[in-house]
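File shown here: query_30.txt, holding compact mmCIF, C-alpha atoms.
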# COMPACT_ATOMS: atom_id res chain seq x y z
CA MET X 190 -7.33 36.95 8.27
CA SER X 191 -4.08 35.72 9.72
CA ASN X 192 -1.54 33.92 7.56
CA SER X 193 -1.82 30.99 9.98
CA LEU X 194 -5.44 30.31 9.09
CA LEU X 195 -4.59 27.47 6.73
CA ASN X 196 -1.44 26.23 8.42
CA ASN X 197 -3.48 23.34 9.72
CA SER X 198 -6.31 22.45 7.36
CA SER X 199 -8.02 20.44 10.10
CA ASP X 200 -8.70 23.74 11.91
CA PHE X 201 -9.99 25.63 8.88
CA SER X 202 -13.73 25.69 9.60
CA LYS X 203 -13.19 26.53 13.27
CA GLU X 204 -10.74 29.36 12.60
CA ALA X 205 -12.72 30.65 9.64
CA ALA X 206 -15.69 31.26 11.93
CA GLU X 207 -13.57 33.85 13.74
CA GLN X 208 -12.81 35.82 10.57
CA PRO X 209 -14.72 38.96 9.52
CA TRP X 210 -15.63 37.41 6.15
CA PHE X 211 -17.26 34.37 7.76
CA LYS X 212 -20.78 35.84 7.50
CA PHE X 213 -21.52 34.40 4.09
CA VAL X 214 -24.25 35.94 1.95
CA ASN X 215 -25.80 32.50 1.56
CA GLN X 216 -26.11 31.00 5.03
CA ASN X 217 -27.48 27.71 3.72
CA TYR X 218 -24.40 25.56 4.13
CA THR X 219 -23.12 22.53 5.99
CA VAL X 220 -19.69 21.78 7.40
CA LYS X 221 -18.13 18.39 6.76
CA ASP X 222 -14.49 17.34 6.98
CA ASN X 223 -13.67 20.98 7.80
CA LYS X 224 -15.07 22.18 4.47
CA PHE X 225 -17.99 24.53 3.93
CA PHE X 226 -20.52 22.96 1.54
CA PHE X 227 -22.82 25.27 -0.41
CA ILE X 228 -23.53 22.47 -2.88
CA LYS X 229 -25.71 19.69 -1.54
CA ASP X 230 -24.47 16.81 -3.67
CA PRO X 231 -21.23 17.77 -5.44
CA SER X 232 -20.23 15.51 -8.31
CA VAL X 233 -17.61 15.66 -11.04
CA GLY X 234 -20.16 14.37 -13.54
CA PHE X 235 -17.94 13.68 -16.55
CA SER X 236 -19.94 13.26 -19.73
CA VAL X 237 -19.70 9.79 -21.29
CA ASP X 238 -19.91 11.52 -24.68
CA ASN X 239 -16.52 13.19 -24.22
CA ASN X 240 -13.62 11.49 -26.00
CA ASP X 241 -11.20 12.12 -23.12
CA LEU X 242 -13.14 10.18 -20.48
CA THR X 243 -10.23 7.78 -19.80
CA VAL X 244 -7.78 10.62 -19.15
CA ASN X 245 -10.31 12.37 -16.91
CA LYS X 246 -10.81 9.26 -14.81
CA LEU X 247 -7.03 9.00 -14.36
CA LYS X 248 -6.86 12.68 -13.37
CA LEU X 249 -9.60 12.16 -10.81
CA PHE X 250 -7.76 9.14 -9.39
CA PHE X 251 -4.44 10.96 -9.06
CA LYS X 252 -6.13 13.97 -7.46
CA ARG X 253 -6.62 11.74 -4.43
CA PHE X 254 -2.87 12.20 -4.00
CA PRO X 255 -2.32 15.96 -4.52
CA GLN X 256 1.47 15.92 -4.33
CA LEU X 257 1.72 13.13 -6.90
CA PHE X 258 -0.84 14.81 -9.14
CA ASN X 259 0.99 18.14 -8.98
CA LEU X 260 4.27 16.39 -9.83
CA ILE X 261 2.74 14.66 -12.87
CA TYR X 262 1.17 17.93 -13.99
CA PHE X 263 4.51 19.71 -13.59
CA LEU X 264 6.35 17.07 -15.63
CA PHE X 265 3.85 16.49 -18.42
CA GLY X 266 1.49 19.47 -18.42
CA ALA X 267 1.96 22.71 -20.30
CA VAL X 268 5.13 24.64 -19.41
CA PHE X 269 4.38 27.87 -17.57
CA VAL X 270 6.53 30.77 -18.73
CA GLY X 271 4.58 33.93 -17.89
CA ARG X 272 3.80 35.56 -14.55
CA ASN X 273 2.20 33.25 -12.02
CA SER X 274 -0.58 33.89 -9.52
CA GLN X 275 1.86 34.21 -6.62
CA TYR X 276 3.37 37.22 -8.35
CA ALA X 277 -0.06 38.81 -8.72
CA ILE X 278 -0.82 38.59 -4.98
CA LYS X 279 2.69 39.25 -3.67
CA ASP X 280 1.56 42.55 -2.10
CA LYS X 281 -1.45 40.94 -0.39
CA GLY X 282 -0.45 39.95 3.10
CA SER X 283 -1.96 39.39 6.51
CA GLY X 284 -5.58 40.47 6.75
CA SER X 285 -6.29 39.97 3.02
CA LEU X 286 -9.08 37.72 1.78
CA ILE X 287 -7.81 35.90 -1.31
CA LEU X 288 -9.85 33.31 -3.22
CA ASN X 289 -8.70 30.69 -5.72
CA LEU X 290 -11.79 29.87 -7.78
CA GLY X 291 -11.79 26.40 -9.32
CA SER X 292 -8.69 25.52 -7.32
CA GLY X 293 -8.74 21.74 -7.65
CA VAL X 294 -6.03 20.30 -5.41
CA LYS X 295 -3.55 23.15 -5.94
CA ARG X 296 -2.57 25.19 -2.90
CA ILE X 297 -1.03 28.44 -4.17
CA ARG X 298 -0.26 29.93 -0.80
CA ARG X 299 -1.17 28.96 2.74
CA ASP X 300 -3.49 31.93 3.25
CA VAL X 301 -5.41 31.54 -0.04
CA ILE X 302 -8.95 30.14 0.32
CA ASN X 303 -9.59 27.33 -2.19
CA VAL X 304 -13.07 27.26 -3.73
CA ASP X 305 -14.21 24.44 -6.01
CA PHE X 306 -17.41 22.66 -7.01
CA TYR X 307 -15.96 19.32 -5.85
CA PRO X 308 -14.49 18.56 -2.40
CA PHE X 309 -10.98 17.66 -3.49
CA GLU X 310 -8.34 17.49 -0.79
CA GLY X 311 -7.23 21.05 -0.11
CA VAL X 312 -10.58 22.62 -1.04
CA ASP X 313 -11.93 24.83 1.73
CA ILE X 314 -15.28 25.94 0.32
CA VAL X 315 -17.38 23.75 -1.98
CA ALA X 316 -19.52 26.15 -3.99
CA ASP X 317 -20.72 27.17 -7.44
CA ILE X 318 -18.29 29.90 -8.51
CA THR X 319 -21.07 31.56 -10.53
CA LYS X 320 -22.85 32.17 -7.20
CA LEU X 321 -20.17 32.99 -4.65
CA PRO X 322 -21.28 33.08 -1.00
CA PHE X 323 -19.41 36.33 -0.30
CA ALA X 324 -20.69 39.86 0.22
CA ASP X 325 -20.26 42.66 -2.29
CA ASN X 326 -16.90 44.44 -2.13
CA SER X 327 -15.48 42.01 0.46
CA VAL X 328 -12.59 40.22 -1.31
CA ASP X 329 -9.06 41.56 -1.80
CA ALA X 330 -7.86 39.28 -4.61
CA ILE X 331 -9.15 36.48 -6.85
CA ILE X 332 -7.20 33.80 -8.71
CA ASN X 333 -8.76 31.80 -11.54
CA GLU X 334 -6.39 29.53 -13.46
CA PHE X 335 -7.52 27.64 -16.58
CA VAL X 336 -11.09 27.29 -15.35
CA LEU X 337 -13.30 29.61 -17.41
CA GLU X 338 -13.10 27.40 -20.52
CA HIS X 339 -14.84 24.62 -18.62
CA LEU X 340 -17.96 26.67 -17.87
CA PRO X 341 -20.87 27.23 -20.29
CA ASN X 342 -21.31 30.74 -18.85
CA PRO X 343 -17.86 32.22 -18.07
CA GLU X 344 -19.28 35.75 -18.10
CA SER X 345 -21.28 34.93 -14.97
CA VAL X 346 -18.06 34.09 -13.11
CA VAL X 347 -16.53 37.39 -14.23
CA LYS X 348 -19.62 39.23 -12.95
CA GLU X 349 -19.20 37.51 -9.59
CA MET X 350 -15.56 38.58 -9.51
CA VAL X 351 -16.63 42.17 -10.11
CA ARG X 352 -19.31 41.92 -7.43
CA VAL X 353 -17.27 40.48 -4.57
CA LEU X 354 -13.95 42.28 -5.18
CA LYS X 355 -13.23 45.47 -3.31
CA PRO X 356 -12.51 48.57 -5.43
CA GLY X 357 -8.89 48.16 -6.47
CA GLY X 358 -9.06 44.43 -5.78
CA VAL X 359 -6.72 42.28 -7.87
CA ILE X 360 -7.54 39.44 -10.24
CA TYR X 361 -5.26 36.87 -11.84
CA VAL X 362 -6.88 34.93 -14.69
CA SER X 363 -5.32 32.44 -17.09
CA ILE X 364 -7.08 30.83 -20.06
CA PRO X 365 -6.22 28.54 -22.99
CA PHE X 366 -5.92 29.66 -26.60
CA VAL X 367 -4.36 26.98 -28.83
CA ALA X 368 -5.19 23.94 -26.73
CA SER X 369 -6.73 20.56 -27.48
CA PHE X 370 -10.05 19.49 -26.00
CA HIS X 371 -9.73 18.74 -22.27
CA SER X 372 -12.99 18.36 -20.42
CA ALA X 373 -13.13 18.71 -16.65
CA PRO X 374 -15.98 17.85 -16.75
CA ASN X 375 -16.64 19.82 -19.98
CA ASP X 376 -14.73 22.14 -22.30
CA PHE X 377 -16.45 25.03 -24.09
CA PHE X 378 -14.26 28.03 -24.97
CA ARG X 379 -10.91 29.44 -26.14
CA TRP X 380 -9.70 33.06 -26.07
CA SER X 381 -7.01 35.05 -27.82
CA ARG X 382 -5.24 37.69 -25.74
CA GLN X 383 -7.57 40.30 -27.22
CA GLY X 384 -10.55 38.08 -26.43
CA LEU X 385 -9.41 37.77 -22.83
CA ARG X 386 -9.26 41.56 -22.55
CA VAL X 387 -12.83 41.81 -23.83
CA LEU X 388 -13.99 39.15 -21.37
CA LEU X 389 -12.35 41.09 -18.52
CA LYS X 390 -13.31 44.55 -19.79
CA ASP X 391 -14.55 45.60 -16.34
CA PHE X 392 -11.00 45.39 -14.98
CA GLN X 393 -8.05 47.67 -15.58
CA GLU X 394 -5.21 45.62 -17.01
CA ILE X 395 -2.00 45.78 -15.01
CA GLU X 396 -0.08 43.16 -16.94
CA GLY X 397 -0.72 40.29 -19.30
CA GLY X 398 0.97 37.96 -21.74
CA VAL X 399 1.76 34.39 -22.68
CA ARG X 400 1.31 31.98 -19.78
CA CYS X 401 2.07 28.78 -21.74
CA GLY X 402 3.94 29.00 -25.03
CA PRO X 403 3.46 27.64 -28.55
CA THR X 404 5.57 24.51 -28.04
CA SER X 405 3.18 23.36 -25.32
CA ALA X 406 0.36 23.87 -27.82
CA LEU X 407 2.30 21.94 -30.48
CA VAL X 408 3.03 19.01 -28.16
CA TYR X 409 -0.61 18.65 -27.10
CA ILE X 410 -1.98 18.92 -30.64
CA LEU X 411 0.67 16.67 -32.15
CA SER X 412 0.04 14.07 -29.44
CA GLU X 413 -3.68 14.21 -30.23
CA TRP X 414 -3.00 14.00 -33.98
CA LEU X 415 -0.66 11.01 -33.75
CA SER X 416 -2.91 9.15 -31.32
CA THR X 417 -5.95 9.80 -33.49
CA LEU X 418 -4.12 8.52 -36.57
CA LEU X 419 -2.94 5.32 -34.87
CA SER X 420 -6.08 4.47 -32.92
CA PHE X 421 -8.29 3.60 -35.94
CA GLY X 422 -11.34 5.06 -34.23
CA ASN X 423 -10.96 3.27 -30.89
CA THR X 424 -11.31 5.94 -28.18
CA LYS X 425 -9.54 3.98 -25.42
CA ILE X 426 -6.59 3.19 -27.67
CA GLN X 427 -6.48 6.85 -28.72
CA GLN X 428 -6.35 7.96 -25.09
CA GLY X 429 -3.55 5.51 -24.36
CA PHE X 430 -1.49 6.71 -27.33
CA PHE X 431 -2.20 10.32 -26.39
CA MET X 432 -0.70 9.86 -22.92
CA PHE X 433 2.25 7.96 -24.41
CA PHE X 434 3.09 10.68 -26.95
CA LEU X 435 2.50 13.43 -24.41
CA ILE X 436 5.11 11.89 -22.11
CA CYS X 437 7.59 11.25 -24.93
CA LEU X 438 7.29 14.74 -26.42
CA SER X 439 7.16 16.67 -23.13
CA PRO X 440 10.88 17.65 -23.13
CA LEU X 441 10.27 19.70 -26.27
CA LYS X 442 8.11 22.08 -24.23
CA LEU X 443 11.23 23.49 -22.58
CA LEU X 444 11.76 25.43 -25.83
CA ASP X 445 8.94 27.70 -24.70
CA PHE X 446 11.29 29.46 -22.30
CA ILE X 447 12.98 30.85 -25.43
CA ILE X 448 10.22 30.95 -28.06
CA SER X 449 7.66 32.64 -25.82
CA LYS X 450 9.88 35.74 -25.70
CA ILE X 451 9.24 36.30 -29.42
CA PRO X 452 6.19 38.61 -29.89
CA SER X 453 4.65 36.48 -32.66
CA SER X 454 4.47 33.50 -30.26
CA GLU X 455 1.18 35.00 -29.07
CA ASN X 456 -0.36 33.91 -32.38
CA ILE X 457 -0.11 30.22 -31.41
CA ALA X 458 0.38 30.28 -27.64
CA TYR X 459 -1.20 27.59 -25.52
CA GLY X 460 -2.63 30.18 -23.16
CA PHE X 461 -2.51 33.69 -21.68
CA TYR X 462 -2.64 35.36 -18.29
CA PHE X 463 -4.21 38.65 -17.19
CA ILE X 464 -3.47 40.63 -14.04
CA GLY X 465 -5.91 43.45 -13.39
CA LYS X 466 -7.73 45.41 -10.76
CA LYS X 467 -11.34 46.34 -10.20
CA ILE X 468 -11.97 49.88 -11.41
Would you mind writing the file's structure down as structure tokens?
Amino acid sequence: MSNSLLNNSSDFSKEAAEQPWFKFVNQNYTVKDNKFFFIKDPSVGFSVDNNDLTVNKLKLFFKRFPQLFNLIYFLFGAVFVGRNSQYAIKDKGSGSLILNLGSGVKRIRRDVINVDFYPFEGVDIVADITKLPFADNSVDAIINEFVLEHLPNPESVVKEMVRVLKPGGVIYVSIPFVASFHSAPNDFFRWSRQGLRVLLKDFQEIEGGVRCGPTSALVYILSEWLSTLLSFGNTKIQQGFFMFFLICLSPLKLLDFIISKIPSSENIAYGFYFIGKKI
């Protein structure tokens, strides 16, 4: 696959057809707006029972404008201090098939194929990541950032990673540990660093550590605590206060660049990353 494949997203489906990986395992797909659809009727489907419905609706709105959404996430999301996914795939160049599973609107690199269950702008393949439409041993690298917690069956995604990756293929996975509830559209799990290693036991660990530090965890939980205290049980008011406190307290998260270097920060880190390879 040439590095120019995604230089012009309007040409993605046409150029993809010329690539050796184009022969998907599941041929039952349609092409619309230059995206491959393996899901007939994709929908975000947020649960009305979740207490963060207001925030999720705002996220969905801003995702219509990827650059603005990424800026807001950069300013007010968790601070990233550990290795990023670009580092993990730095040795994967022209001719490599690299997937970002659960990509949302984030474009990591121009030659990375974005896979998501919803056709956000920037998504190339709309598919269920527990049933990837790729052949066994066909993928060079997989990225999966803060996605597994949102799935009721994260082990099935890991099995798919094992199946489609070539021997020696690289994975980059990040997950939350001390993080408040954040459905997208649901939120099921948390892992310690040891728990992440167990989840990814079929991969040889190359490197791992804190991805987002304890101050990010503190800011999110404190924002939730203060907004819960002041909302008097009104969910919409709570969501409004939560966003207010999150914005006001966000500068504190810069402390993570220092605190995350202390080994004991792992005990209360917001999240971890894992770089590994298929054995």
Nearest to Asn326 of chain X: which of X:Val387, X:Val353, X:Val312, X:Ala205 is it, counting all atoms listed in the file?
->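 That would be X:Val353, the residue with the smallest distance to Asn326 of chain X.
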Nearest candidate to Glu344 of chain X (options X:Asn239, X:Ser405, X:Ser327, X:Thr319; using all atoms listed in the file) =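 Of X:Asn239, X:Ser405, X:Ser327, X:Thr319, the one nearest Glu344 of chain X, counting all atoms listed in the file, is X:Thr319.
For the set X:Ile261, X:Ile426, X:Ile228, X:Ile436, the residue with the smallest atom-to-atom gap to Pro322 of chain X is X:Ile228, counting all atoms listed in the file.
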Identify which of the residues X:Ser372, X:Ser412, X:Thr404, X:Asn215 lies closest to Phe269 of chain X, counting only C-alpha atoms when measuring atom-to-atom distances.
-> X:Thr404
May I have the residues within 8 Å of Val301 of chain X as a count of residues only, using all atoms listed in the file and disregarding those fewer than 6 positions away in the same chain?
-> 5
Could you produce a table of the residues of segment 223-318 of chain X lying within 12 Å of segment 330-333 of chain X, with the nearest pair of atoms per residue and their separation in Å rounded to one decimal, using only C-alpha atoms, ordered by chain and increasing residue number, as a Markdown table?
| residue | atom | partner | partner_atom | distance |
| --- | --- | --- | --- | --- |
| X:Asn273 | CA | X:Ile332 | CA | 10.0 |
| X:Ser274 | CA | X:Ile332 | CA | 6.7 |
| X:Gln275 | CA | X:Ile332 | CA | 9.3 |
| X:Tyr276 | CA | X:Ile332 | CA | 11.1 |
| X:Ala277 | CA | X:Ile332 | CA | 8.7 |
| X:Ile278 | CA | X:Ala330 | CA | 7.1 |
| X:Lys279 | CA | X:Ala330 | CA | 10.6 |
| X:Asp280 | CA | X:Ala330 | CA | 10.3 |
| X:Lys281 | CA | X:Ala330 | CA | 7.9 |
| X:Gly282 | CA | X:Ala330 | CA | 10.7 |
| X:Gly284 | CA | X:Ala330 | CA | 11.6 |
| X:Ser285 | CA | X:Ala330 | CA | 7.8 |
| X:Leu286 | CA | X:Ala330 | CA | 6.7 |
| X:Ile287 | CA | X:Ala330 | CA | 4.7 |
| X:Leu288 | CA | X:Ile331 | CA | 4.9 |
| X:Asn289 | CA | X:Ile332 | CA | 4.6 |
| X:Leu290 | CA | X:Asn333 | CA | 5.2 |
| X:Gly291 | CA | X:Asn333 | CA | 6.6 |
| X:Ser292 | CA | X:Asn333 | CA | 7.6 |
| X:Gly293 | CA | X:Asn333 | CA | 10.8 |
| X:Lys295 | CA | X:Asn333 | CA | 11.5 |
| X:Arg296 | CA | X:Ile332 | CA | 11.4 |
| X:Ile297 | CA | X:Ile332 | CA | 9.3 |
| X:Arg298 | CA | X:Ile332 | CA | 11.2 |
| X:Asp300 | CA | X:Ala330 | CA | 11.6 |
| X:Val301 | CA | X:Ile332 | CA | 9.1 |
| X:Ile302 | CA | X:Ile331 | CA | 9.6 |
| X:Asn303 | CA | X:Ile332 | CA | 9.5 |
| X:Val304 | CA | X:Asn333 | CA | 10.0 |
| X:Asp305 | CA | X:Asn333 | CA | 10.7 |
| X:Ile318 | CA | X:Asn333 | CA | 10.2 |
Looking at all atoms listed in the file, which of X:Tyr409, X:Phe433, X:Tyr262, X:Phe463 is the one that sits closest to Tyr361 of chain X?
->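 Answer, going by the shortest atom-to-atom distance: X:Phe463.
Here the question is which of X:Asp329, X:Asp241, X:Asp317, X:Glu394 gets nearest to Ser369 of chain X using only C-alpha atoms, and that residue is X:Asp241.
Between atom CA of Val347 of chain X and atom CA of Ile457 of chain X the interatomic distance comes to 24.8 Å.
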Within-10 Å shell of (4.0, 25.6, -19.1) in input frame, only C-alpha atoms, as a ChimeraX atom specification | /X:262-271,399-406,442-443,445-446,459-460
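When atom CA of Ser453 of chain X is paired with atom CA of Arg382 of chain X, their separation reads 12.1 Å.
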Extract, using all atoms listed in the file, all DNA, RNA and protein residues at most 7 Å from Tyr218 of chain X, discarding same-chain residues fewer than 3 positions from it, and format them as JSON, numbers by chain.
-> {"X": [225, 226, 227]}
In Å, rounded to a single decimal, give me how far atom CA of Val214 of chain X is from atom CA of Arg352 of chain X.
-> 12.2 Å
Find the smallest box with edges along x, y and z containing every listed atom of segment 242-256 of chain X, then add 4 Å on each side and report centre and edge lengths in Å to one decimal, as AutoDock Vina command-line options.
--center_x -5.8 --center_y 11.9 --center_z -12.2 --size_x 22.6 --size_y 16.2 --size_z 24.5
Near segment 255-258 of chain X, counting only C-alpha atoms, which residues have an atom at most 8 Å away, once you skip same-chain residues fewer than 5 positions from it, shown as a compact mmCIF listing (two decimals) with C-alpha atoms, in the coordinates of the input?
# COMPACT_ATOMS: atom_id res chain seq x y z
CA LYS X 248 -6.86 12.68 -13.37
CA VAL X 294 -6.03 20.30 -5.41
CA LYS X 295 -3.55 23.15 -5.94
CA GLU X 310 -8.34 17.49 -0.79
Any idea what's packed within 12 Å of segment 413-421 of chain X, counting all atoms listed in the file, ignoring anything in its chain fewer than 5 positions away? Could you give it as number ranges by chain?
-> X: 240-241, 368-371, 406-408, 426-435, 438
Can you fill out segment 389-424 of chain X with N, CA and C atoms and hand it back as a PDB file, keeping the file's coordinate frame?
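Produced file part.pdb, reproduced below:
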ATOM      1  N   LEU X 389     -12.648  40.443 -19.801  1.00  0.00           N
ATOM      2  CA  LEU X 389     -12.350  41.090 -18.520  1.00  0.00           C
ATOM      3  C   LEU X 389     -12.364  42.613 -18.651  1.00  0.00           C
ATOM      4  N   LYS X 390     -13.260  43.121 -19.477  1.00  0.00           N
ATOM      5  CA  LYS X 390     -13.310  44.550 -19.790  1.00  0.00           C
ATOM      6  C   LYS X 390     -13.623  45.420 -18.576  1.00  0.00           C
ATOM      7  N   ASP X 391     -14.205  44.828 -17.536  1.00  0.00           N
ATOM      8  CA  ASP X 391     -14.550  45.600 -16.340  1.00  0.00           C
ATOM      9  C   ASP X 391     -13.362  45.774 -15.390  1.00  0.00           C
ATOM     10  N   PHE X 392     -12.206  45.274 -15.793  1.00  0.00           N
ATOM     11  CA  PHE X 392     -11.000  45.390 -14.980  1.00  0.00           C
ATOM     12  C   PHE X 392      -9.941  46.190 -15.728  1.00  0.00           C
ATOM     13  N   GLN X 393      -9.187  46.959 -14.991  1.00  0.00           N
ATOM     14  CA  GLN X 393      -8.050  47.670 -15.580  1.00  0.00           C
ATOM     15  C   GLN X 393      -6.862  46.735 -15.640  1.00  0.00           C
ATOM     16  N   GLU X 394      -6.333  46.546 -16.841  1.00  0.00           N
ATOM     17  CA  GLU X 394      -5.210  45.620 -17.010  1.00  0.00           C
ATOM     18  C   GLU X 394      -3.936  46.207 -16.409  1.00  0.00           C
ATOM     19  N   ILE X 395      -3.290  45.420 -15.567  1.00  0.00           N
ATOM     20  CA  ILE X 395      -2.000  45.780 -15.010  1.00  0.00           C
ATOM     21  C   ILE X 395      -0.876  45.160 -15.835  1.00  0.00           C
ATOM     22  N   GLU X 396      -1.094  43.907 -16.183  1.00  0.00           N
ATOM     23  CA  GLU X 396      -0.080  43.160 -16.940  1.00  0.00           C
ATOM     24  C   GLU X 396      -0.742  41.937 -17.556  1.00  0.00           C
ATOM     25  N   GLY X 397      -0.209  41.489 -18.668  1.00  0.00           N
ATOM     26  CA  GLY X 397      -0.720  40.290 -19.300  1.00  0.00           C
ATOM     27  C   GLY X 397       0.284  39.764 -20.315  1.00  0.00           C
ATOM     28  N   GLY X 398       0.060  38.532 -20.752  1.00  0.00           N
ATOM     29  CA  GLY X 398       0.970  37.960 -21.740  1.00  0.00           C
ATOM     30  C   GLY X 398       0.802  36.470 -21.862  1.00  0.00           C
ATOM     31  N   VAL X 399       1.786  35.835 -22.470  1.00  0.00           N
ATOM     32  CA  VAL X 399       1.760  34.390 -22.680  1.00  0.00           C
ATOM     33  C   VAL X 399       2.007  33.692 -21.351  1.00  0.00           C
ATOM     34  N   ARG X 400       1.125  32.793 -20.990  1.00  0.00           N
ATOM     35  CA  ARG X 400       1.310  31.980 -19.780  1.00  0.00           C
ATOM     36  C   ARG X 400       1.942  30.640 -20.135  1.00  0.00           C
ATOM     37  N   CYS X 401       1.503  30.042 -21.229  1.00  0.00           N
ATOM     38  CA  CYS X 401       2.070  28.780 -21.740  1.00  0.00           C
ATOM     39  C   CYS X 401       2.317  28.975 -23.231  1.00  0.00           C
ATOM     40  N   GLY X 402       3.516  28.649 -23.680  1.00  0.00           N
ATOM     41  CA  GLY X 402       3.940  29.000 -25.030  1.00  0.00           C
ATOM     42  C   GLY X 402       3.470  28.080 -26.134  1.00  0.00           C
ATOM     43  N   PRO X 403       3.915  28.382 -27.367  1.00  0.00           N
ATOM     44  CA  PRO X 403       3.460  27.640 -28.550  1.00  0.00           C
ATOM     45  C   PRO X 403       3.966  26.205 -28.619  1.00  0.00           C
ATOM     46  N   THR X 404       5.090  25.899 -27.994  1.00  0.00           N
ATOM     47  CA  THR X 404       5.570  24.510 -28.040  1.00  0.00           C
ATOM     48  C   THR X 404       4.667  23.608 -27.203  1.00  0.00           C
ATOM     49  N   SER X 405       4.152  24.128 -26.101  1.00  0.00           N
ATOM     50  CA  SER X 405       3.180  23.360 -25.320  1.00  0.00           C
ATOM     51  C   SER X 405       1.948  23.070 -26.167  1.00  0.00           C
ATOM     52  N   ALA X 406       1.502  24.075 -26.922  1.00  0.00           N
ATOM     53  CA  ALA X 406       0.360  23.870 -27.820  1.00  0.00           C
ATOM     54  C   ALA X 406       0.684  22.818 -28.865  1.00  0.00           C
ATOM     55  N   LEU X 407       1.882  22.902 -29.451  1.00  0.00           N
ATOM     56  CA  LEU X 407       2.300  21.940 -30.480  1.00  0.00           C
ATOM     57  C   LEU X 407       2.328  20.523 -29.926  1.00  0.00           C
ATOM     58  N   VAL X 408       2.904  20.349 -28.740  1.00  0.00           N
ATOM     59  CA  VAL X 408       3.030  19.010 -28.160  1.00  0.00           C
ATOM     60  C   VAL X 408       1.660  18.402 -27.910  1.00  0.00           C
ATOM     61  N   TYR X 409       0.735  19.174 -27.370  1.00  0.00           N
ATOM     62  CA  TYR X 409      -0.610  18.650 -27.100  1.00  0.00           C
ATOM     63  C   TYR X 409      -1.326  18.291 -28.397  1.00  0.00           C
ATOM     64  N   ILE X 410      -1.261  19.174 -29.387  1.00  0.00           N
ATOM     65  CA  ILE X 410      -1.980  18.920 -30.640  1.00  0.00           C
ATOM     66  C   ILE X 410      -1.336  17.795 -31.427  1.00  0.00           C
ATOM     67  N   LEU X 411      -0.006  17.755 -31.448  1.00  0.00           N
ATOM     68  CA  LEU X 411       0.670  16.670 -32.150  1.00  0.00           C
ATOM     69  C   LEU X 411       0.393  15.321 -31.484  1.00  0.00           C
ATOM     70  N   SER X 412       0.357  15.307 -30.153  1.00  0.00           N
ATOM     71  CA  SER X 412       0.040  14.070 -29.440  1.00  0.00           C
ATOM     72  C   SER X 412      -1.375  13.604 -29.772  1.00  0.00           C
ATOM     73  N   GLU X 413      -2.300  14.554 -29.843  1.00  0.00           N
ATOM     74  CA  GLU X 413      -3.680  14.210 -30.230  1.00  0.00           C
ATOM     75  C   GLU X 413      -3.730  13.719 -31.671  1.00  0.00           C
ATOM     76  N   TRP X 414      -2.985  14.373 -32.557  1.00  0.00           N
ATOM     77  CA  TRP X 414      -3.000  14.000 -33.980  1.00  0.00           C
ATOM     78  C   TRP X 414      -2.445  12.606 -34.182  1.00  0.00           C
ATOM     79  N   LEU X 415      -1.281  12.326 -33.588  1.00  0.00           N
ATOM     80  CA  LEU X 415      -0.660  11.010 -33.750  1.00  0.00           C
ATOM     81  C   LEU X 415      -1.528   9.905 -33.140  1.00  0.00           C
ATOM     82  N   SER X 416      -2.080  10.178 -31.969  1.00  0.00           N
ATOM     83  CA  SER X 416      -2.910   9.150 -31.320  1.00  0.00           C
ATOM     84  C   SER X 416      -4.201   8.911 -32.074  1.00  0.00           C
ATOM     85  N   THR X 417      -4.745   9.958 -32.670  1.00  0.00           N
ATOM     86  CA  THR X 417      -5.950   9.800 -33.490  1.00  0.00           C
ATOM     87  C   THR X 417      -5.660   8.975 -34.735  1.00  0.00           C
ATOM     88  N   LEU X 418      -4.506   9.245 -35.346  1.00  0.00           N
ATOM     89  CA  LEU X 418      -4.120   8.520 -36.570  1.00  0.00           C
ATOM     90  C   LEU X 418      -3.908   7.043 -36.295  1.00  0.00           C
ATOM     91  N   LEU X 419      -3.321   6.704 -35.162  1.00  0.00           N
ATOM     92  CA  LEU X 419      -2.940   5.320 -34.870  1.00  0.00           C
ATOM     93  C   LEU X 419      -4.011   4.520 -34.150  1.00  0.00           C
ATOM     94  N   SER X 420      -5.073   5.181 -33.734  1.00  0.00           N
ATOM     95  CA  SER X 420      -6.080   4.470 -32.920  1.00  0.00           C
ATOM     96  C   SER X 420      -7.162   3.795 -33.756  1.00  0.00           C
ATOM     97  N   PHE X 421      -7.279   4.181 -35.042  1.00  0.00           N
ATOM     98  CA  PHE X 421      -8.290   3.600 -35.940  1.00  0.00           C
ATOM     99  C   PHE X 421      -9.693   3.672 -35.352  1.00  0.00           C
ATOM    100  N   GLY X 422      -9.990   4.813 -34.705  1.00  0.00           N
ATOM    101  CA  GLY X 422     -11.340   5.060 -34.230  1.00  0.00           C
ATOM    102  C   GLY X 422     -11.651   4.513 -32.850  1.00  0.00           C
ATOM    103  N   ASN X 423     -10.723   3.808 -32.228  1.00  0.00           N
ATOM    104  CA  ASN X 423     -10.960   3.270 -30.890  1.00  0.00           C
ATOM    105  C   ASN X 423     -10.558   4.333 -29.856  1.00  0.00           C
ATOM    106  N   THR X 424     -11.541   4.823 -29.103  1.00  0.00           N
ATOM    107  CA  THR X 424     -11.310   5.940 -28.180  1.00  0.00           C
ATOM    108  C   THR X 424     -10.325   5.573 -27.074  1.00  0.00           C
TER     109      THR X 424
END
